[in-house]
$ cat structure-v9.csv   # CSV, C-alpha atoms
chain,number,residue,atom,x,y,z
A,1353,MET,CA,0.0,0.0,0.0
A,1354,LEU,CA,1.3,3.5,-0.8
A,1355,ASP,CA,2.1,5.7,2.1
A,1356,ASN,CA,1.4,9.5,2.0
A,1357,LYS,CA,4.7,10.2,0.4
A,1358,GLY,CA,3.9,7.7,-2.3
A,1359,PHE,CA,0.6,9.3,-3.0
A,1360,ASP,CA,2.3,12.7,-3.2
A,1361,LEU,CA,4.8,11.4,-5.8
A,1362,TRP,CA,2.0,9.9,-7.8
A,1363,ALA,CA,-0.3,13.0,-7.7
A,1364,ASP,CA,0.9,14.8,-10.8
A,1365,GLY,CA,0.4,11.8,-13.0
A,1366,TYR,CA,-2.7,10.4,-11.4
A,1367,ASP,CA,-5.3,11.6,-13.9
A,1368,LYS,CA,-3.2,10.4,-16.8
A,1369,THR,CA,-2.6,7.0,-15.2
A,1370,VAL,CA,-6.3,6.5,-14.6
A,1371,GLY,CA,-7.3,7.6,-18.1
A,1372,VAL,CA,-5.0,5.1,-19.8
A,1373,SER,CA,-6.5,2.2,-17.8
A,1374,ASP,CA,-10.1,3.5,-18.4
A,1375,GLU,CA,-9.7,3.9,-22.1
A,1376,GLY,CA,-8.0,0.6,-22.5
A,1377,ASN,CA,-10.8,-1.1,-20.4
A,1378,THR,CA,-8.2,-2.6,-18.2
A,1379,TYR,CA,-8.1,-3.4,-14.5
A,1380,PRO,CA,-8.3,-1.5,-12.2
A,1381,PHE,CA,-9.9,1.6,-13.8
A,1382,ALA,CA,-12.1,0.1,-16.5
A,1383,GLY,CA,-15.4,2.1,-16.3
A,1384,TYR,CA,-13.8,4.9,-14.3
A,1385,LYS,CA,-15.5,7.8,-16.3
A,1386,ASP,CA,-18.9,6.1,-16.2
A,1387,VAL,CA,-18.5,5.5,-12.5
A,1388,LEU,CA,-17.8,9.2,-11.9
A,1389,GLY,CA,-20.4,10.3,-14.4
A,1390,THR,CA,-23.2,8.2,-12.8
A,1391,ILE,CA,-22.3,9.6,-9.3
A,1392,PHE,CA,-22.2,13.1,-10.7
A,1393,LYS,CA,-25.7,12.7,-12.2
A,1394,THR,CA,-27.1,11.3,-9.0
A,1395,ILE,CA,-25.8,14.2,-6.9
A,1396,MET,CA,-27.0,16.8,-9.5
A,1397,GLU,CA,-30.6,15.7,-8.9
A,1398,LYS,CA,-30.4,17.7,-5.6
A,1399,GLU,CA,-29.9,21.4,-6.0
A,1400,ASN,CA,-27.0,22.9,-4.1
A,1401,ALA,CA,-26.0,19.6,-2.4
A,1402,VAL,CA,-23.6,19.5,0.4
A,1403,VAL,CA,-21.0,16.8,-0.5
A,1404,LEU,CA,-18.2,15.1,1.4
A,1405,ASP,CA,-15.6,13.4,-0.7
A,1406,ILE,CA,-13.3,10.8,1.0
A,1407,GLY,CA,-10.0,10.4,-0.7
A,1408,PHE,CA,-10.8,13.0,-3.4
A,1409,GLY,CA,-7.4,12.9,-5.1
A,1410,THR,CA,-6.9,15.7,-7.6
A,1411,GLY,CA,-10.6,16.6,-7.5
A,1412,THR,CA,-11.7,15.1,-10.8
A,1413,LEU,CA,-15.2,14.5,-9.6
A,1414,THR,CA,-15.5,17.2,-6.9
A,1415,THR,CA,-14.4,20.0,-9.2
A,1416,LYS,CA,-17.4,19.3,-11.5
A,1417,LEU,CA,-19.7,19.2,-8.5
A,1418,TYR,CA,-18.1,22.5,-7.2
A,1419,GLU,CA,-18.6,24.2,-10.5
A,1420,ASN,CA,-22.2,23.2,-10.5
A,1421,GLY,CA,-23.1,24.7,-7.2
A,1422,CYS,CA,-22.3,22.0,-4.6
A,1423,THR,CA,-20.7,22.8,-1.3
A,1424,ILE,CA,-17.6,20.6,-1.1
A,1425,TYR,CA,-15.9,19.1,1.9
A,1426,GLY,CA,-13.1,16.6,1.5
A,1427,GLN,CA,-10.4,14.6,3.3
A,1428,ASP,CA,-7.4,13.1,1.6
A,1429,PHE,CA,-4.1,11.5,2.7
A,1430,SER,CA,-1.9,13.5,0.4
A,1431,ALA,CA,-0.8,17.1,0.9
A,1432,ARG,CA,0.1,17.3,-2.8
A,1433,MET,CA,-3.4,16.0,-3.9
A,1434,ILE,CA,-5.0,18.7,-1.7
A,1435,GLU,CA,-2.7,21.3,-3.2
A,1436,LEU,CA,-3.8,20.3,-6.8
A,1437,ALA,CA,-7.5,20.1,-5.8
A,1438,SER,CA,-7.5,23.4,-3.9
A,1439,GLY,CA,-6.3,25.2,-7.1
A,1440,LYS,CA,-9.4,24.0,-8.8
A,1441,MET,CA,-11.8,24.6,-5.9
A,1442,PRO,CA,-10.5,27.6,-3.9
A,1443,ASN,CA,-13.6,27.8,-1.6
A,1444,ALA,CA,-13.9,24.1,-0.9
A,1445,HIS,CA,-13.3,22.8,2.7
A,1446,LEU,CA,-10.4,20.3,2.2
A,1447,TYR,CA,-8.5,18.6,5.0
A,1448,GLN,CA,-5.5,16.3,5.2
A,1449,GLY,CA,-6.0,13.1,7.2
A,1450,ASP,CA,-5.7,9.3,7.1
A,1451,PHE,CA,-9.3,8.1,6.8
A,1452,THR,CA,-8.3,4.7,8.2
A,1453,GLN,CA,-8.2,6.6,11.5
A,1454,GLY,CA,-11.6,8.2,10.9
A,1455,LEU,CA,-12.7,11.6,9.8
A,1456,VAL,CA,-10.8,14.7,10.9
A,1457,GLU,CA,-12.5,16.7,13.6
A,1458,PRO,CA,-13.8,19.6,11.4
A,1459,LEU,CA,-15.6,17.0,9.2
A,1460,GLN,CA,-17.1,15.2,12.2
A,1461,ALA,CA,-19.0,18.4,13.0
A,1462,GLN,CA,-20.9,18.4,9.7
A,1463,ASN,CA,-23.7,16.4,8.1
A,1464,TYR,CA,-23.9,15.9,4.4
A,1465,ASP,CA,-26.4,15.3,1.6
A,1466,PHE,CA,-24.0,12.9,-0.1
A,1467,ILE,CA,-20.8,11.3,1.0
A,1468,VAL,CA,-18.7,10.1,-1.9
A,1469,ALA,CA,-15.7,7.7,-2.0
A,1470,THR,CA,-14.3,6.8,-5.4
A,1471,TYR,CA,-11.4,4.3,-5.6
A,1472,SER,CA,-10.3,5.0,-2.0
A,1473,LEU,CA,-12.0,2.7,0.5
A,1474,HIS,CA,-10.3,-0.4,-0.9
A,1475,HIS,CA,-7.5,0.5,1.5
A,1476,LEU,CA,-9.8,-0.6,4.4
A,1477,THR,CA,-10.2,-4.2,5.5
A,1478,ASP,CA,-13.7,-5.7,5.2
A,1479,GLU,CA,-14.4,-5.1,8.9
A,1480,GLN,CA,-13.0,-1.6,8.7
A,1481,LYS,CA,-15.3,-0.9,5.8
A,1482,VAL,CA,-18.4,-1.8,7.8
A,1483,CYS,CA,-17.3,0.3,10.8
A,1484,PHE,CA,-16.5,3.2,8.5
A,1485,LEU,CA,-19.8,3.0,6.6
A,1486,LEU,CA,-21.7,2.9,9.9
A,1487,MET,CA,-19.9,6.1,10.9
A,1488,LEU,CA,-20.5,7.8,7.6
A,1489,HIS,CA,-24.1,6.9,7.8
A,1490,ASP,CA,-24.4,8.9,11.0
A,1491,HIS,CA,-23.2,12.0,9.1
A,1492,LEU,CA,-25.9,11.9,6.4
A,1493,ASN,CA,-28.7,14.4,6.3
A,1494,PRO,CA,-32.2,12.8,6.2
A,1495,GLY,CA,-32.6,11.3,2.7
A,1496,GLY,CA,-28.9,11.4,2.1
A,1497,GLN,CA,-26.7,8.8,0.4
A,1498,VAL,CA,-23.3,7.3,0.6
A,1499,LEU,CA,-22.0,6.7,-2.9
A,1500,ILE,CA,-19.0,4.4,-3.4
A,1501,GLY,CA,-17.4,4.0,-6.8
A,1502,ASP,CA,-14.7,1.4,-6.8
A,1503,VAL,CA,-13.4,-1.9,-7.9
A,1504,ALA,CA,-16.4,-4.0,-6.7
A,1505,PHE,CA,-18.0,-7.3,-7.4
A,1506,GLU,CA,-21.5,-8.8,-6.7
A,1507,ASN,CA,-20.0,-11.9,-5.1
A,1508,ARG,CA,-16.7,-13.5,-4.1
A,1509,SER,CA,-16.6,-15.8,-7.2
A,1510,GLN,CA,-16.7,-12.8,-9.5
A,1511,LEU,CA,-13.8,-11.3,-7.6
A,1512,GLU,CA,-11.8,-14.5,-7.8
A,1513,GLN,CA,-12.5,-14.8,-11.6
A,1514,CYS,CA,-11.2,-11.3,-12.1
A,1515,ARG,CA,-8.1,-12.0,-10.0
A,1516,LYS,CA,-7.4,-15.0,-12.2
A,1517,ASP,CA,-8.0,-13.1,-15.5
A,1518,VAL,CA,-5.8,-10.2,-14.4
A,1519,GLY,CA,-2.9,-12.4,-13.2
A,1520,ASP,CA,0.2,-10.6,-12.0
A,1521,GLU,CA,-1.4,-7.2,-12.4
A,1522,TRP,CA,-3.7,-7.9,-9.5
A,1523,ASP,CA,-3.0,-5.7,-6.5
A,1524,ASP,CA,-2.9,-7.9,-3.4
A,1525,ASP,CA,-2.6,-4.9,-1.1
A,1526,GLU,CA,-6.1,-3.7,-2.0
A,1527,ILE,CA,-9.2,-5.2,-0.5
A,1528,TYR,CA,-12.2,-4.8,-2.9
A,1529,PHE,CA,-15.9,-4.6,-2.2
A,1530,VAL,CA,-18.0,-7.8,-2.3
A,1531,VAL,CA,-21.6,-6.7,-2.3
A,1532,ASP,CA,-23.4,-9.8,-1.1
A,1533,GLU,CA,-21.1,-10.0,1.9
A,1534,LEU,CA,-21.7,-6.3,2.8
A,1535,LYS,CA,-25.4,-7.0,2.5
A,1536,LYS,CA,-25.2,-9.1,5.6
A,1537,ASN,CA,-24.9,-5.9,7.5
A,1538,PHE,CA,-26.6,-3.5,5.0
A,1539,PRO,CA,-29.5,-5.5,3.5
A,1540,ALA,CA,-30.8,-2.6,1.5
A,1541,LEU,CA,-27.5,-1.8,-0.1
A,1542,ALA,CA,-27.9,-1.2,-3.8
A,1543,PHE,CA,-25.3,-1.9,-6.5
A,1544,THR,CA,-24.9,-0.9,-10.1
A,1545,ARG,CA,-22.3,-2.7,-12.1
A,1546,ILE,CA,-20.4,-0.4,-14.5
A,1547,SER,CA,-17.6,-2.7,-15.9
A,1548,TYR,CA,-16.3,-6.2,-15.3
A,1549,CYS,CA,-14.3,-4.9,-12.3
A,1550,ALA,CA,-16.1,-1.8,-11.1
A,1551,GLY,CA,-19.4,-0.5,-9.9
A,1552,ILE,CA,-21.3,1.9,-7.6
A,1553,LEU,CA,-22.7,1.0,-4.2
A,1554,PHE,CA,-25.6,3.1,-2.9
A,1555,LEU,CA,-26.3,3.3,0.9
A,1556,SER,CA,-29.2,5.5,1.8
A,1557,LYS,CA,-30.0,7.0,5.2
A,1558,GLN,CA,-33.5,5.6,5.5
A,1559,ASP,CA,-32.4,2.2,4.1
A,1560,HIS,CA,-29.7,1.6,6.7
A,1561,SER,CA,-31.7,2.8,9.7
A,1562,LEU,CA,-34.4,0.2,9.1
A,1563,HIS,CA,-31.9,-2.7,9.5
A,1564,ARG,CA,-29.7,-1.8,12.4
A,1565,SER,CA,-29.5,-4.7,14.8
A,1566,MET,CA,-30.6,-3.9,18.4
A,1567,ILE,CA,-28.0,-4.7,21.0
A,1568,SER,CA,-29.0,-5.0,24.7
A,1569,ILE,CA,-26.9,-5.3,27.8
A,1570,GLU,CA,-27.0,-7.8,30.6
A,1571,GLU,CA,-25.0,-6.9,33.7
A,1572,ILE,CA,-23.3,-9.5,35.9
A,1573,PRO,CA,-23.0,-8.7,39.6
A,1574,VAL,CA,-19.3,-8.7,40.5
A,1575,GLU,CA,-18.3,-7.6,43.9
A,1576,ARG,CA,-14.9,-9.1,44.5
A,1577,ILE,CA,-11.8,-9.4,42.4
A,1578,ASN,CA,-11.7,-13.3,42.6
A,1579,GLU,CA,-15.2,-13.5,41.2
A,1580,PHE,CA,-14.4,-11.0,38.5
A,1581,TRP,CA,-11.2,-12.8,37.5
A,1582,LYS,CA,-13.0,-16.2,37.4
A,1583,ILE,CA,-15.6,-14.8,35.0
A,1584,HIS,CA,-13.0,-13.0,33.0
A,1585,ILE,CA,-10.8,-16.0,32.4
A,1586,LYS,CA,-13.8,-18.3,31.7
A,1587,TYR,CA,-15.0,-16.2,28.8
A,1588,LEU,CA,-11.6,-15.4,27.5
A,1589,VAL,CA,-10.1,-18.8,27.5
A,1590,ASP,CA,-12.4,-21.6,28.6
A,1591,ASP,CA,-15.0,-20.8,26.0
A,1592,GLY,CA,-12.4,-20.3,23.3
A,1593,ILE,CA,-12.8,-16.6,22.8
A,1594,ILE,CA,-9.0,-16.5,22.5
A,1595,ALA,CA,-7.2,-19.6,21.3
A,1596,ASP,CA,-3.8,-18.4,20.3
A,1597,GLU,CA,-1.2,-19.8,22.8
A,1598,GLU,CA,0.6,-16.5,23.1
A,1599,ASP,CA,-2.6,-14.6,23.8
A,1600,ILE,CA,-3.7,-17.2,26.4
A,1601,ALA,CA,-0.4,-16.9,28.1
A,1602,TYR,CA,-0.7,-13.1,28.3
A,1603,PHE,CA,-4.3,-12.9,29.5
A,1604,THR,CA,-3.8,-15.6,32.2
A,1605,GLY,CA,-0.4,-14.3,33.3
A,1606,LYS,CA,0.6,-12.3,36.3
A,1607,GLU,CA,1.5,-9.2,34.3
A,1608,TYR,CA,-2.0,-8.8,32.8
A,1609,ARG,CA,-3.7,-9.6,36.1
A,1610,GLY,CA,-1.5,-7.0,37.8
A,1611,ILE,CA,-2.6,-4.4,35.3
A,1612,LEU,CA,-6.3,-5.4,35.8
A,1613,GLU,CA,-6.0,-5.3,39.6
A,1614,GLY,CA,-4.1,-2.0,39.5
A,1615,HIS,CA,-7.0,-0.4,37.6
A,1616,MET,CA,-9.6,-1.9,39.9
A,1617,ILE,CA,-7.7,-0.7,43.1
A,1618,ARG,CA,-7.5,2.8,41.7
A,1619,SER,CA,-11.2,2.9,41.0
A,1620,THR,CA,-13.4,4.6,43.6
A,1621,ASP,CA,-16.6,3.1,42.3
A,1622,LYS,CA,-18.1,-0.3,41.4
A,1623,GLN,CA,-16.6,-2.4,38.6
A,1624,HIS,CA,-19.0,-3.7,36.1
A,1625,MET,CA,-19.0,-6.9,34.0
A,1626,ILE,CA,-21.6,-7.0,31.2
A,1627,TYR,CA,-22.7,-9.1,28.2
A,1628,PHE,CA,-23.8,-7.7,24.9
A,1629,CYS,CA,-26.9,-9.5,23.7
A,1630,ARG,CA,-28.7,-9.7,20.4
A,1631,ASP,CA,-32.1,-11.4,20.2
A,1632,GLY,CA,-31.4,-12.9,23.6
A,1633,GLU,CA,-28.0,-14.4,22.5
A,1634,ARG,CA,-24.7,-13.3,24.2
A,1635,ILE,CA,-22.4,-12.0,21.4
A,1636,GLY,CA,-19.7,-10.2,23.5
A,1637,ALA,CA,-18.7,-8.8,26.8
A,1638,ALA,CA,-17.0,-5.9,28.5
A,1639,SER,CA,-15.7,-4.9,31.9
A,1640,TYR,CA,-15.5,-1.2,32.9
A,1641,CYS,CA,-15.6,1.1,35.9
A,1642,THR,CA,-17.2,4.5,36.2
A,1643,TYR,CA,-15.8,7.4,38.2
A,1644,GLN,CA,-18.2,9.8,39.9
A,1645,SER,CA,-16.0,12.7,39.0
A,1646,GLU,CA,-16.6,16.1,37.4
A,1647,ASP,CA,-15.7,14.8,34.0
A,1648,GLY,CA,-17.8,11.7,34.3
A,1649,LYS,CA,-15.1,9.2,33.3
A,1650,CYS,CA,-15.7,5.6,32.2
A,1651,PHE,CA,-12.5,3.5,32.1
A,1652,ILE,CA,-12.9,0.4,29.9
A,1653,LEU,CA,-10.9,-2.5,31.3
A,1654,ASP,CA,-11.8,-5.1,28.6
A,1655,TYR,CA,-14.0,-5.2,25.6
A,1656,TRP,CA,-14.5,-8.0,23.1
A,1657,VAL,CA,-16.9,-9.5,20.7
A,1658,PHE,CA,-17.0,-13.3,20.7
A,1659,THR,CA,-15.2,-14.7,17.7
A,1660,GLN,CA,-18.2,-16.1,15.8
A,1661,PHE,CA,-19.9,-12.8,15.9
A,1662,ARG,CA,-17.1,-10.5,14.8
A,1663,GLY,CA,-17.3,-8.5,11.6
A,1664,TYR,CA,-20.1,-6.6,10.0
A,1665,GLY,CA,-19.9,-3.7,12.4
A,1666,THR,CA,-20.8,-5.7,15.5
A,1667,GLY,CA,-18.1,-4.1,17.6
A,1668,HIS,CA,-19.2,-0.6,16.6
A,1669,ARG,CA,-22.8,-1.3,17.6
A,1670,CYS,CA,-21.8,-2.9,20.8
A,1671,PHE,CA,-19.9,0.2,21.8
A,1672,GLU,CA,-22.9,2.3,20.9
A,1673,ALA,CA,-24.9,0.2,23.4
A,1674,LEU,CA,-22.2,0.6,26.0
A,1675,GLU,CA,-22.2,4.3,25.6
A,1676,GLN,CA,-26.0,4.5,26.1
A,1677,TYR,CA,-25.8,2.2,29.1
A,1678,THR,CA,-23.0,4.1,30.9
A,1679,LYS,CA,-24.6,7.5,30.3
A,1680,ALA,CA,-27.1,6.4,33.0
A,1681,ASP,CA,-24.1,6.5,35.4
A,1682,GLY,CA,-23.1,10.0,34.2
A,1683,ALA,CA,-20.3,8.8,31.9
A,1684,LYS,CA,-19.2,11.5,29.4
A,1685,TYR,CA,-15.6,10.7,29.0
A,1686,TYR,CA,-14.2,7.3,27.9
A,1687,GLU,CA,-10.7,6.0,28.5
A,1688,LEU,CA,-8.9,2.8,27.7
A,1689,ASN,CA,-5.4,1.5,26.9
A,1690,SER,CA,-4.2,-1.0,24.3
A,1691,MET,CA,-1.1,-2.5,22.8
A,1692,LYS,CA,-2.5,-4.4,19.8
A,1693,GLU,CA,-2.6,-2.7,16.4
A,1694,ASP,CA,-5.9,-4.2,15.3
A,1695,SER,CA,-7.6,-3.0,18.6
A,1696,ILE,CA,-6.1,0.4,18.2
A,1697,ARG,CA,-7.4,0.7,14.7
A,1698,PHE,CA,-10.9,-0.3,15.8
A,1699,TRP,CA,-11.0,2.2,18.7
A,1700,LYS,CA,-9.8,5.0,16.4
A,1701,SER,CA,-12.5,4.1,13.8
A,1702,ILE,CA,-15.2,4.9,16.4
A,1703,GLY,CA,-13.8,8.2,17.5
A,1704,PHE,CA,-11.1,7.5,20.1
A,1705,VAL,CA,-7.8,9.5,19.9
A,1706,GLU,CA,-4.4,8.9,21.3
A,1707,ASN,CA,-3.5,10.5,24.6
A,1708,GLY,CA,0.0,9.4,25.4
A,1709,LYS,CA,0.9,6.2,27.2
A,1710,ASP,CA,0.1,4.8,30.7
A,1711,GLU,CA,2.5,3.6,33.3
A,1712,TYR,CA,2.6,0.2,31.6
A,1713,ASP,CA,3.8,1.8,28.3
A,1714,MET,CA,0.4,0.9,26.7
A,1715,LEU,CA,-1.2,3.4,24.4
A,1716,LEU,CA,-3.9,5.5,26.1
A,1717,LEU,CA,-7.0,6.3,24.0
A,1718,VAL,CA,-9.8,8.6,25.0
A,1719,LYS,CA,-13.2,9.7,23.6
A,1720,ARG,CA,-15.3,12.6,24.9

$ encode --input "structure-v9.csv" --output "structure tokens"
Amino acid sequence: MLDNKGFDLWADGYDKTVGVSDEGNTYPFAGYKDVLGTIFKTIMEKENAVVLDIGFGTGTLTTKLYENGCTIYGQDFSARMIELASGKMPNAHLYQGDFTQGLVEPLQAQNYDFIVATYSLHHLTDEQKVCFLLMLHDHLNPGGQVLIGDVAFENRSQLEQCRKDVGDEWDDDEIYFVVDELKKNFPALAFTRISYCAGILFLSKQDHSLHRSMISIEEIPVERINEFWKIHIKYLVDDGIIADEEDIAYFTGKEYRGILEGHMIRSTDKQHMIYFCRDGERIGAASYCTYQSEDGKCFILDYWVFTQFRGYGTGHRCFEALEQYTKADGAKYYELNSMKEDSIRFWKSIGFVENGKDEYDMLLLVKR
């Protein structure tokens, strides 16, 4: 995958590179102009639309929207891309930021009629895509749409056939959209196929809100550390939530128990152990403690979704349920620490930001 320096170096030749692939009907940009043209026509059906473009590049699409009366917001990884796009759209609101870490703060404060991502979100894993789409949905105005133009396939077999046909040209660093797999979480997701390797996904505000799974919380009374530890180990190890030998050694070891006990001793209020439940079935668990302080802090000790229920935005929705539940105790400020890269990416995808390191040299993350 290109880093931001790589994108900067590519920026000046980006439009030409894309054009050659599109005109030759070759992977990965076959159908590129038709993808952008269809998205443009869709947005133009609403007068003076407010549009957010994720990974806008040199502004090929957004410039046309800008010239036709749209208010443009955007986030891109590359400073050079922003420089080129700003020259075409001097009054657009363009920000630099890595969208794998979420939206930058100024963009989080807005809602949009359309949120567009063309040939950018394939840098997210399948689980990250779901979390990101859930977050984008929350920033749509009523009746708004997320429009994704990218390398995309209706099913996994089509993707594999394309991979076979393309051969050595296939980019293994990019993770492409498979529509029928996304529909497990977004049943009303619509898809228009443009070329053999590209299409447009349509996610509407009203469509998604009808299909959001309801997560409830069941609290377990835990008054003493030994009882807490027994439950903690049972559902981490005995039930196979973690199976990797290195992980088991860590979670059952003295070091991790010391960290856990240290947090609990410092807490002035009751510790909580909860299950996340969907349709009466336990799908995950968390442990946390609340502080009856002025800032209403909630420290999350542990948080996990059981292995068989991971993916499709489950972790995102469980945290939403946890937020609602802890607000009853006055929680307004959330804090946790982590040392695993996949966990850190997840927490950042739902709005947590880095806040230094704790005494155990673990990264501290907070959300207000």

$ residues_around --input "structure-v9.csv" --residues "segment 1649-1663 of chain A" --least-positions-apart "5" --cutoff "7 Å" --atoms "only C-alpha atoms" --output "CSV table (one decimal) with C-alpha atoms, in the coordinates of the input"
chain,number,residue,atom,x,y,z
A,1479,GLU,CA,-14.4,-5.1,8.9
A,1593,ILE,CA,-12.8,-16.6,22.8
A,1635,ILE,CA,-22.4,-12.0,21.4
A,1636,GLY,CA,-19.7,-10.2,23.5
A,1637,ALA,CA,-18.7,-8.8,26.8
A,1638,ALA,CA,-17.0,-5.9,28.5
A,1639,SER,CA,-15.7,-4.9,31.9
A,1640,TYR,CA,-15.5,-1.2,32.9
A,1641,CYS,CA,-15.6,1.1,35.9
A,1642,THR,CA,-17.2,4.5,36.2
A,1643,TYR,CA,-15.8,7.4,38.2
A,1683,ALA,CA,-20.3,8.8,31.9
A,1684,LYS,CA,-19.2,11.5,29.4
A,1685,TYR,CA,-15.6,10.7,29.0
A,1686,TYR,CA,-14.2,7.3,27.9
A,1687,GLU,CA,-10.7,6.0,28.5
A,1688,LEU,CA,-8.9,2.8,27.7

$ closest_residue --input "structure-v9.csv" --among "A:Tyr1464, A:Thr1666, A:Val1372, A:Tyr1447" --to "Lys1536 of chain A" --atoms "all atoms listed in the file"
A:Thr1666

$ atom_distance --input "structure-v9.csv" --atom1 "atom CA of Cys1483 of chain A" --atom2 "atom CA of Ser1695 of chain A"
12.9 Å

$ atom_distance --input "structure-v9.csv" --atom1 "atom CA of Thr1452 of chain A" --atom2 "atom CA of Trp1699 of chain A"
11.1 Å

$ atom_distance --input "structure-v9.csv" --atom1 "atom CA of Glu1457 of chain A" --atom2 "atom CA of Asp1710 of chain A"
24.3 Å

$ closest_residue --input "structure-v9.csv" --among "A:Val1468, A:Leu1388, A:Leu1486, A:Ala1444" --to "Gly1551 of chain A" --atoms "all atoms listed in the file"
A:Leu1388

$ closest_residue --input "structure-v9.csv" --among "A:Gln1427, A:Ser1556, A:Gln1623, A:Asn1689" --to "Leu1455 of chain A" --atoms "only C-alpha atoms"
A:Gln1427

$ residues_around --input "structure-v9.csv" --residues "Gln1480 of chain A" --least-positions-apart "3" --cutoff "12 Å" --atoms "only C-alpha atoms" --output "PyMOL selection string"
chain A and resi 1451-1454+1473-1477+1483-1487+1527+1529+1534+1662-1668+1694-1702

$ residues_around --input "structure-v9.csv" --residues "Ala1542 of chain A" --least-positions-apart "2" --cutoff "8 Å" --atoms "all atoms listed in the file" --output "list in words"
Ala1540, Thr1544, Leu1553, Phe1554 and Leu1555 of chain A

$ residues_around --input "structure-v9.csv" --residues "Glu1571 of chain A" --least-positions-apart "3" --cutoff "8 Å" --atoms "only C-alpha atoms" --output "PDB file with C-alpha atoms, in the coordinates of the input"
ATOM      1  CA  HIS A1624     -19.000  -3.700  36.100  1.00  0.00           C
ATOM      2  CA  MET A1625     -19.000  -6.900  34.000  1.00  0.00           C
ATOM      3  CA  ILE A1626     -21.600  -7.000  31.200  1.00  0.00           C
ATOM      4  CA  TYR A1627     -22.700  -9.100  28.200  1.00  0.00           C
TER       5      TYR A1627
END
